[in-house]
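*Asks:* Dropping in model-v9.cif, which is mmCIF, C-alpha atoms:
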data_final
#
loop_
_atom_site.label_atom_id
_atom_site.label_comp_id
_atom_site.auth_asym_id
_atom_site.auth_seq_id
_atom_site.Cartn_x
_atom_site.Cartn_y
_atom_site.Cartn_z
CA MET A 6 -3.25 27.07 -19.72
CA THR A 7 -3.02 26.30 -16.03
CA ILE A 8 -0.31 27.41 -13.63
CA ILE A 9 -0.84 24.51 -11.22
CA SER A 10 0.25 20.88 -11.49
CA ARG A 11 -1.79 18.32 -13.43
CA LYS A 12 -2.32 16.34 -10.24
CA MET A 13 -3.72 19.34 -8.34
CA THR A 14 -5.80 20.38 -11.34
CA THR A 15 -7.53 17.01 -11.13
CA ALA A 16 -7.74 17.11 -7.34
CA THR A 17 -9.31 20.55 -7.13
CA ALA A 18 -11.88 19.62 -9.77
CA GLY A 19 -13.04 16.77 -7.53
CA ALA A 20 -12.62 18.61 -4.23
CA SER A 21 -14.51 17.55 -1.13
CA LEU A 22 -18.29 17.52 -1.50
CA VAL A 23 -18.47 18.04 2.27
CA ARG A 24 -16.66 21.36 2.03
CA LYS A 25 -18.71 22.44 -0.96
CA MET A 26 -21.96 21.84 0.91
CA PHE A 27 -20.56 23.60 3.99
CA GLU A 28 -19.79 26.67 1.89
CA GLU A 29 -23.27 26.49 0.35
CA GLY A 30 -24.70 26.48 3.87
CA ALA A 31 -22.87 29.68 4.74
CA ARG A 32 -24.28 31.33 1.61
CA LEU A 33 -27.84 30.22 2.37
CA ARG A 34 -27.66 31.32 6.02
CA ALA A 35 -26.52 34.77 4.93
CA SER A 36 -29.40 34.95 2.43
CA LEU A 37 -32.28 33.32 4.34
CA GLY A 38 -31.29 33.61 7.99
CA PRO A 39 -29.67 30.96 10.23
CA ASP A 40 -33.00 29.62 11.52
CA LYS A 41 -34.18 28.80 7.98
CA VAL A 42 -31.27 26.58 6.99
CA PHE A 43 -30.64 23.06 8.31
CA ASP A 44 -26.97 22.46 7.68
CA PHE A 45 -26.15 18.79 8.27
CA SER A 46 -23.15 18.89 5.94
CA ILE A 47 -19.99 18.92 8.05
CA GLY A 48 -18.74 17.38 11.30
CA ASN A 49 -18.07 20.71 12.98
CA PRO A 50 -19.02 20.23 16.66
CA ASP A 51 -21.45 22.88 17.89
CA LEU A 52 -21.12 21.98 21.58
CA PRO A 53 -18.71 24.24 23.49
CA PRO A 54 -15.57 22.70 24.97
CA PRO A 55 -15.90 21.60 28.60
CA PRO A 56 -15.44 24.54 31.05
CA VAL A 57 -12.30 22.87 32.39
CA PHE A 58 -10.68 23.43 28.98
CA GLN A 59 -10.98 27.21 29.30
CA LYS A 60 -9.73 27.08 32.90
CA THR A 61 -6.72 25.01 31.89
CA LEU A 62 -5.82 27.41 29.07
CA ALA A 63 -6.13 30.40 31.41
CA ARG A 64 -3.87 28.71 33.96
CA LEU A 65 -1.22 27.87 31.38
CA VAL A 66 -1.19 31.42 29.99
CA ALA A 67 -0.93 32.88 33.50
CA GLU A 68 1.97 30.56 34.37
CA ALA A 69 4.01 31.90 31.43
CA ARG A 70 6.10 28.73 31.35
CA PRO A 71 9.57 29.49 29.92
CA GLY A 72 9.91 28.08 26.41
CA ALA A 73 6.22 27.16 26.18
CA HIS A 74 5.96 28.72 22.73
CA GLY A 75 9.28 27.50 21.37
CA TYR A 76 10.46 24.52 19.39
CA MET A 77 10.49 21.10 21.01
CA PRO A 78 11.38 17.55 19.88
CA ASN A 79 9.65 16.70 16.57
CA SER A 80 7.50 14.18 18.44
CA GLY A 81 6.19 16.75 20.95
CA TRP A 82 6.83 17.63 24.59
CA PRO A 83 8.23 14.53 26.37
CA GLU A 84 6.09 15.07 29.48
CA VAL A 85 2.96 15.35 27.35
CA ARG A 86 3.76 12.15 25.48
CA ALA A 87 4.39 10.40 28.81
CA LYS A 88 0.94 11.45 30.03
CA VAL A 89 -0.66 10.17 26.83
CA ALA A 90 1.22 6.87 27.22
CA ALA A 91 -0.05 6.53 30.80
CA HIS A 92 -3.59 7.22 29.55
CA LEU A 93 -3.22 4.52 26.89
CA ASN A 94 -1.97 2.05 29.50
CA ARG A 95 -5.12 2.70 31.54
CA THR A 96 -7.55 2.54 28.63
CA GLU A 97 -5.99 0.23 26.01
CA GLY A 98 -3.16 -1.62 27.70
CA ALA A 99 -5.09 -4.80 28.50
CA GLY A 100 -3.74 -7.87 26.71
CA LEU A 101 -0.44 -6.28 25.67
CA LYS A 102 2.93 -7.72 26.60
CA ASN A 103 4.61 -4.32 26.89
CA PRO A 104 3.45 -0.99 28.32
CA PHE A 105 3.14 2.21 26.31
CA THR A 106 5.92 4.74 26.87
CA ALA A 107 6.55 8.22 25.50
CA ASP A 108 8.51 6.56 22.68
CA GLN A 109 5.31 5.15 21.19
CA VAL A 110 3.49 8.53 21.10
CA ILE A 111 3.89 11.45 18.71
CA MET A 112 1.85 14.64 19.12
CA THR A 113 0.39 15.73 15.79
CA VAL A 114 -1.56 18.39 13.96
CA GLY A 115 -4.88 16.60 14.39
CA ALA A 116 -5.80 13.12 13.22
CA ALA A 117 -5.05 14.10 9.63
CA GLY A 118 -1.48 14.94 10.60
CA ALA A 119 -1.23 11.65 12.48
CA LEU A 120 -2.44 9.60 9.50
CA ASN A 121 -0.06 11.37 7.13
CA ILE A 122 3.03 10.76 9.25
CA ILE A 123 2.03 7.11 9.69
CA LEU A 124 1.58 6.64 5.95
CA LYS A 125 4.76 8.57 5.14
CA ALA A 126 6.69 6.25 7.46
CA ILE A 127 5.39 2.93 6.08
CA LEU A 128 4.55 3.46 2.39
CA ASP A 129 6.75 3.17 -0.67
CA PRO A 130 5.63 4.45 -4.09
CA GLY A 131 3.28 1.92 -5.65
CA ASP A 132 2.05 0.51 -2.35
CA GLU A 133 -1.66 0.04 -1.68
CA VAL A 134 -3.86 0.74 1.33
CA VAL A 135 -7.10 -1.24 1.65
CA THR A 136 -10.03 0.50 3.32
CA PRO A 137 -13.72 -0.46 3.57
CA ARG A 138 -16.33 1.59 1.76
CA PRO A 139 -17.82 4.03 2.59
CA TYR A 140 -14.84 6.03 3.75
CA PHE A 141 -13.60 9.60 4.29
CA MET A 142 -12.58 10.57 0.79
CA GLU A 143 -9.49 12.51 1.86
CA TYR A 144 -7.92 9.10 2.52
CA ASN A 145 -7.36 9.03 -1.25
CA TYR A 146 -5.25 12.18 -1.03
CA TYR A 147 -3.39 11.04 2.08
CA ALA A 148 -2.29 7.85 0.33
CA ASP A 149 -1.43 9.73 -2.86
CA ASN A 150 0.70 12.17 -0.85
CA HIS A 151 3.11 9.29 -0.36
CA GLY A 152 2.92 7.65 -3.79
CA ALA A 153 0.39 5.01 -2.79
CA ALA A 154 -3.24 4.33 -3.64
CA ILE A 155 -6.42 3.47 -1.74
CA VAL A 156 -8.05 0.16 -2.67
CA PRO A 157 -11.70 0.11 -1.50
CA ALA A 158 -13.19 -3.04 0.00
CA GLU A 159 -16.93 -3.68 0.11
CA PRO A 160 -18.83 -3.26 3.39
CA GLY A 161 -20.61 -6.10 5.10
CA PRO A 162 -24.27 -6.08 6.20
CA ALA A 163 -25.10 -2.96 8.25
CA PHE A 164 -21.68 -1.60 7.26
CA ARG A 165 -19.73 -4.07 9.39
CA LEU A 166 -16.28 -5.30 8.36
CA ASN A 167 -16.43 -7.58 5.33
CA LEU A 168 -13.40 -9.78 5.88
CA GLU A 169 -13.93 -11.71 2.65
CA SER A 170 -13.78 -8.51 0.61
CA ILE A 171 -10.76 -7.22 2.52
CA ALA A 172 -8.99 -10.54 1.93
CA GLU A 173 -9.78 -10.35 -1.79
CA LYS A 174 -8.31 -6.84 -2.03
CA ILE A 175 -5.06 -7.67 -0.26
CA GLY A 176 -2.21 -8.42 -2.64
CA PRO A 177 1.58 -8.15 -2.88
CA LYS A 178 1.38 -4.33 -3.00
CA THR A 179 -0.75 -4.05 0.14
CA ARG A 180 1.10 -2.28 2.95
CA ALA A 181 -1.78 -1.35 5.24
CA VAL A 182 -5.45 -1.72 6.00
CA LEU A 183 -7.01 1.55 7.15
CA ILE A 184 -10.13 1.47 9.31
CA ASN A 185 -12.18 4.09 11.18
CA SER A 186 -14.25 3.28 14.29
CA PRO A 187 -16.59 4.81 15.38
CA HIS A 188 -17.13 5.25 11.71
CA ASN A 189 -17.59 8.29 9.51
CA PRO A 190 -20.08 8.30 7.79
CA THR A 191 -22.09 5.35 9.19
CA GLY A 192 -21.60 5.58 12.97
CA VAL A 193 -20.75 1.85 13.18
CA ILE A 194 -18.43 0.62 15.95
CA TYR A 195 -16.38 -2.43 15.01
CA ARG A 196 -16.55 -5.15 17.65
CA ALA A 197 -13.59 -6.80 19.37
CA GLU A 198 -14.26 -10.10 17.59
CA GLU A 199 -14.24 -8.34 14.20
CA LEU A 200 -10.90 -6.71 14.98
CA ALA A 201 -9.45 -10.00 16.23
CA ALA A 202 -10.54 -11.75 13.02
CA LEU A 203 -9.04 -8.91 10.98
CA GLY A 204 -5.80 -9.28 12.93
CA ARG A 205 -5.65 -13.00 12.10
CA LEU A 206 -6.35 -12.24 8.45
CA LEU A 207 -3.52 -9.69 8.32
CA THR A 208 -1.11 -12.02 10.08
CA SER A 209 -1.78 -14.73 7.49
CA ALA A 210 -1.65 -12.30 4.55
CA GLY A 211 1.61 -10.76 5.78
CA GLN A 212 3.23 -14.18 6.03
CA ARG A 213 1.97 -15.08 2.57
CA HIS A 214 3.31 -11.90 0.94
CA GLY A 215 6.57 -11.79 2.85
CA ARG A 216 6.15 -8.49 4.72
CA PRO A 217 3.93 -7.26 7.55
CA ILE A 218 0.71 -5.45 6.70
CA PHE A 219 -0.04 -2.60 9.08
CA LEU A 220 -3.44 -1.98 10.63
CA VAL A 221 -3.95 1.79 10.78
CA SER A 222 -6.94 2.96 12.82
CA ASP A 223 -8.39 6.47 12.48
CA GLU A 224 -10.03 7.18 15.85
CA PRO A 225 -11.11 10.81 16.41
CA TYR A 226 -14.59 9.62 17.51
CA ARG A 227 -13.42 7.04 20.08
CA LYS A 228 -15.21 8.68 23.03
CA LEU A 229 -18.43 9.25 21.06
CA ALA A 230 -20.06 5.87 21.70
CA TYR A 231 -23.72 5.36 22.63
CA ASP A 232 -26.01 2.82 24.26
CA GLY A 233 -23.32 1.83 26.76
CA LEU A 234 -21.02 0.50 24.02
CA LYS A 235 -17.25 0.54 24.45
CA VAL A 236 -14.91 0.99 21.52
CA PRO A 237 -12.48 -1.97 21.54
CA SER A 238 -8.78 -1.42 21.02
CA VAL A 239 -6.97 -2.43 17.85
CA PHE A 240 -3.79 -2.84 19.88
CA ALA A 241 -5.03 -6.03 21.51
CA ALA A 242 -6.08 -7.42 18.13
CA TYR A 243 -2.85 -7.14 16.14
CA PRO A 244 0.77 -6.19 16.92
CA TYR A 245 1.41 -4.21 13.72
CA SER A 246 -1.18 -1.61 14.66
CA VAL A 247 -0.95 2.18 14.80
CA ILE A 248 -3.65 4.73 15.59
CA GLY A 249 -4.22 8.35 14.69
CA THR A 250 -6.60 10.40 16.76
CA SER A 251 -7.47 13.94 17.79
CA PHE A 252 -9.28 15.98 20.41
CA SER A 253 -11.33 17.77 17.73
CA LYS A 254 -14.61 15.93 18.20
CA ASP A 255 -14.75 14.83 21.84
CA MET A 256 -13.39 18.15 23.17
CA SER A 257 -15.00 20.36 20.48
CA VAL A 258 -11.69 21.97 19.47
CA PRO A 259 -11.31 21.12 15.76
CA GLY A 260 -9.78 24.51 14.98
CA GLU A 261 -6.92 23.91 17.40
CA ARG A 262 -5.56 21.03 15.27
CA ILE A 263 -4.23 18.82 18.04
CA GLY A 264 -4.02 15.04 18.19
CA TYR A 265 -1.54 12.22 18.39
CA ALA A 266 -0.32 9.01 16.78
CA ALA A 267 0.36 5.94 18.93
CA ILE A 268 2.32 2.82 18.03
CA ASN A 269 1.54 -0.59 19.48
CA PRO A 270 4.31 -1.25 22.05
CA ASP A 271 4.26 -4.92 20.98
CA LEU A 272 5.11 -3.98 17.38
CA PRO A 273 8.54 -5.42 16.46
CA ASP A 274 11.16 -2.68 16.02
CA HIS A 275 8.69 0.01 17.08
CA GLN A 276 11.60 2.41 17.67
CA SER A 277 12.41 2.52 13.95
CA LEU A 278 8.79 3.32 13.17
CA PHE A 279 8.75 6.02 15.87
CA ASN A 280 11.90 7.61 14.42
CA ALA A 281 10.46 7.60 10.91
CA MET A 282 7.16 9.12 12.04
CA ALA A 283 8.94 11.79 14.10
CA LEU A 284 10.98 12.79 11.06
CA ALA A 285 7.86 12.76 8.88
CA ASN A 286 6.23 15.15 11.37
CA ARG A 287 8.94 17.66 10.48
CA ILE A 288 9.55 17.15 6.78
CA LEU A 289 5.83 17.17 5.92
CA GLY A 290 5.76 20.69 7.33
CA PHE A 291 3.90 20.06 10.58
CA VAL A 292 7.18 20.56 12.52
CA ASN A 293 5.41 20.44 15.91
CA ALA A 294 1.85 20.09 17.08
CA PRO A 295 0.66 23.39 18.68
CA SER A 296 2.58 23.73 21.92
CA LEU A 297 -0.07 25.34 24.13
CA MET A 298 -2.67 22.78 23.02
CA GLN A 299 -0.29 19.92 23.83
CA LEU A 300 0.22 21.23 27.34
CA ALA A 301 -3.49 21.86 27.87
CA LEU A 302 -4.85 18.58 26.53
CA ALA A 303 -2.26 16.54 28.43
CA ASP A 304 -4.15 17.47 31.61
CA LEU A 305 -7.56 16.75 30.07
CA LEU A 306 -7.16 13.24 28.66
CA GLU A 307 -10.14 11.91 30.61
CA GLU A 308 -12.40 14.88 29.75
CA SER A 309 -14.92 15.32 26.93
CA VAL A 310 -18.09 17.16 26.06
CA ASP A 311 -21.33 15.63 27.33
CA ILE A 312 -21.62 12.64 25.00
CA GLY A 313 -25.23 12.18 26.10
CA LEU A 314 -26.17 15.34 24.22
CA TYR A 315 -25.05 13.77 20.94
CA GLU A 316 -26.86 10.55 21.82
CA GLN A 317 -30.04 12.59 22.38
CA ARG A 318 -29.66 14.16 18.93
CA ARG A 319 -28.98 10.75 17.40
CA ASN A 320 -32.24 9.49 18.89
CA ILE A 321 -34.30 12.44 17.64
CA LEU A 322 -32.95 12.19 14.09
CA ALA A 323 -32.78 8.41 13.73
CA ASP A 324 -36.24 7.86 15.24
CA GLY A 325 -37.70 10.73 13.24
CA LEU A 326 -36.32 9.59 9.89
CA ALA A 327 -37.19 5.93 10.50
CA GLY A 328 -40.71 7.01 11.38
CA LEU A 329 -40.96 8.88 8.08
CA GLY A 330 -39.94 5.74 6.16
CA TYR A 331 -36.23 6.27 5.57
CA GLN A 332 -34.03 3.14 5.50
CA LEU A 333 -31.07 3.52 7.83
CA THR A 334 -28.62 1.74 10.09
CA ARG A 335 -28.84 3.22 13.58
CA PRO A 336 -25.48 4.81 14.49
CA GLU A 337 -23.61 3.41 17.47
CA GLY A 338 -21.15 6.28 17.73
CA ALA A 339 -19.70 9.41 16.10
CA PHE A 340 -22.34 11.95 14.99
CA TYR A 341 -23.41 10.83 11.53
CA LEU A 342 -26.32 9.03 9.90
CA PHE A 343 -25.94 7.37 6.50
CA PRO A 344 -29.44 6.55 5.21
CA ARG A 345 -30.19 4.92 1.91
CA SER A 346 -31.21 7.43 -0.76
CA PRO A 347 -34.85 7.03 -1.86
CA LEU A 348 -33.62 7.79 -5.39
CA ALA A 349 -31.03 5.72 -7.23
CA ASN A 350 -29.04 8.89 -7.85
CA ASP A 351 -28.05 10.22 -4.43
CA ASP A 352 -27.15 13.62 -5.93
CA ASP A 353 -30.73 14.01 -7.12
CA PHE A 354 -32.11 13.31 -3.66
CA VAL A 355 -29.60 15.61 -1.97
CA ASN A 356 -30.87 18.31 -4.34
CA LEU A 357 -34.46 17.59 -3.27
CA LEU A 358 -33.37 18.10 0.33
CA LYS A 359 -31.62 21.30 -0.67
CA GLU A 360 -34.95 22.62 -1.97
CA GLU A 361 -36.10 22.29 1.67
CA ASN A 362 -32.95 24.17 2.82
CA ILE A 363 -31.60 20.89 4.22
CA LEU A 364 -27.92 20.38 3.40
CA THR A 365 -26.49 16.85 3.37
CA VAL A 366 -23.71 15.11 1.43
CA PRO A 367 -24.28 12.48 -1.28
CA GLY A 368 -22.90 9.02 -0.66
CA ARG A 369 -20.64 9.24 -3.68
CA GLY A 370 -18.62 11.73 -1.59
CA PHE A 371 -17.73 8.71 0.55
CA SER A 372 -17.22 6.25 -2.32
CA LEU A 373 -20.64 4.63 -1.83
CA PRO A 374 -23.37 6.04 -4.09
CA GLY A 375 -26.99 5.36 -3.21
CA TYR A 376 -26.76 6.81 0.30
CA PHE A 377 -26.36 10.25 1.84
CA ARG A 378 -24.68 11.52 4.99
CA ILE A 379 -26.30 13.61 7.71
CA CYS A 380 -24.16 15.17 10.45
CA TYR A 381 -26.26 15.93 13.51
CA CYS A 382 -24.10 18.66 15.04
CA LEU A 383 -27.22 20.81 15.41
CA PRO A 384 -29.37 21.75 18.42
CA PRO A 385 -32.28 19.36 19.08
CA ASP A 386 -34.91 21.94 18.08
CA MET A 387 -33.22 22.47 14.73
CA ILE A 388 -33.21 18.71 14.13
CA LYS A 389 -36.90 18.46 15.03
CA ASN A 390 -37.74 21.45 12.80
CA SER A 391 -35.97 19.81 9.86
CA LEU A 392 -38.15 16.68 9.90
CA PRO A 393 -41.09 18.16 7.92
CA GLY A 394 -38.60 19.05 5.18
CA PHE A 395 -37.24 15.52 5.18
CA ALA A 396 -40.84 14.29 4.87
CA ARG A 397 -41.59 16.57 1.91
CA ALA A 398 -38.38 15.52 0.11
CA LEU A 399 -39.22 11.85 0.60
CA ALA A 400 -42.73 12.42 -0.75
CA LYS A 401 -41.28 14.13 -3.84
CA ALA A 402 -38.85 11.25 -4.36
CA LYS A 403 -41.69 8.74 -4.25
CA GLY A 404 -43.61 10.81 -6.78
#
Show this structure as structure tokens.

*Replies:*
Amino acid sequence: MTIISRKMTTATAGASLVRKMFEEGARLRASLGPDKVFDFSIGNPDLPPPPVFQKTLARLVAEARPGAHGYMPNSGWPEVRAKVAAHLNRTEGAGLKNPFTADQVIMTVGAAGALNIILKAILDPGDEVVTPRPYFMEYNYYADNHGAAIVPAEPGPAFRLNLESIAEKIGPKTRAVLINSPHNPTGVIYRAEELAALGRLLTSAGQRHGRPIFLVSDEPYRKLAYDGLKVPSVFAAYPYSVIGTSFSKDMSVPGERIGYAAINPDLPDHQSLFNAMALANRILGFVNAPSLMQLALADLLEESVDIGLYEQRRNILADGLAGLGYQLTRPEGAFYLFPRSPLANDDDFVNLLKEENILTVPGRGFSLPGYFRICYCLPPDMIKNSLPGFARALAKAKG
């Protein structure tokens, strides 16, 4: 007999493989020592926040602003939202008919909070959300939170958008297409022409099915782009677009749970969507994004950790694994590699790596078996020291 719901009984049985491997890493480090374990399991940034972050926090605490720790509008401090809107006008306003204002921005409890209030606002029970494989598996739970379901589409070559597959998956129940760029777990950055083609596809499909289909973009890795690449905006590609993002990755503050959702100012009746998302922010239990973090990050919108340090790690790992004979698509952003598993069963190969005290996550944890994910939030020397273990595991796999 169980005391929890049937739905949560099923959910906990299939809980995140990422978290399970992360917990295994903590156990192994305690047993073997931290220098003997190569934990590539979770996207937990190891770089410290920029020094200006600490200075900004210290200043805000010293100022003792009246009401700084109290309730505020459900959508967040108005002056913070206005600063975010101004930032969006500078960085993503090109090609739009209307400027961003505070009434298109809601401060949220991280990107996860942003995605949940977006989905709560647009989904009815029975609706479907199309997303390309591989994808962050908690999307399944986010959709289910609101009575909807994820419908996976197949990836294109090198994990690019497969518009034919997306078109095939769209039907009368489709309410949104959910994308993530730079992408977890592949590191792919979708190009402007891909997004424009997706926008045209969604316009046509929405007309055919008699209601608009939203484009929801999950963007916590936006600033983590390499090789001089720029991450194009979804706002210019399609009017019914909404983003969810956070400061967790580019500012190295995932434990502070601070982010925002932004609505395309060209979206028809965007005020109704804003009102629904603001209410969702409260009734889902988030109430308000952390006040002190809102005030701090509003002054740091142009700041980030040194992205070049992640690019250096990408180069060490990608070049090292390719040199050993692993098949992989070189990441363009984020901090993940998603190589093909040398064994048909990705769990079996992840276990071979575990024998070398290398912790990764099987591709089935991202709805794409036959691959495995490596998160390179480790110092360069640790990455280099892991390569002999990767070589031994590959040799075992090849027999």

*Asks:* If I take atom CA of A:Pro385 and atom CA of A:Pro190, how far is one from the other in Å, to one decimal?

*Replies:*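 Interatomic distance here is 20.0 Å.
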
*Asks:* Since I can't run it myself right now, could you work out what the PyMOL selection byres ((chain A and resi 159) around 6) selects here and report it as a PyMOL selection string?

*Replies:* chain A and resi 137-138+158+160+170

*Asks:* Given all atoms listed in the file as the basis, pick out the residue of A:Ile175, A:Val292, A:Leu65, A:Val239 nearest to A:Leu200.

*Replies:*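 When distances to A:Leu200 are compared using all atoms listed in the file, the smallest one comes from A:Val239.
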
*Asks:* Rounded to one decimal, what separation in Å do you get between atom CA of A:Cys380 and atom CA of A:Phe43?

*Replies:*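 A separation of 10.4 Å between them.
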
*Asks:* Which residues fall under the PyMOL selection byres ((chain A and resi 79) around 8) in this file, as a PDB file with C-alpha atoms, keeping the file's coordinate frame?

*Replies:*
ATOM      1  CA  MET A  77      10.490  21.100  21.010  1.00  0.00           C
ATOM      2  CA  PRO A  78      11.380  17.550  19.880  1.00  0.00           C
ATOM      3  CA  SER A  80       7.500  14.180  18.440  1.00  0.00           C
ATOM      4  CA  GLY A  81       6.190  16.750  20.950  1.00  0.00           C
ATOM      5  CA  ALA A 283       8.940  11.790  14.100  1.00  0.00           C
ATOM      6  CA  LEU A 284      10.980  12.790  11.060  1.00  0.00           C
ATOM      7  CA  ASN A 286       6.230  15.150  11.370  1.00  0.00           C
ATOM      8  CA  ARG A 287       8.940  17.660  10.480  1.00  0.00           C
ATOM      9  CA  VAL A 292       7.180  20.560  12.520  1.00  0.00           C
ATOM     10  CA  ASN A 293       5.410  20.440  15.910  1.00  0.00           C
TER      11      ASN A 293
END
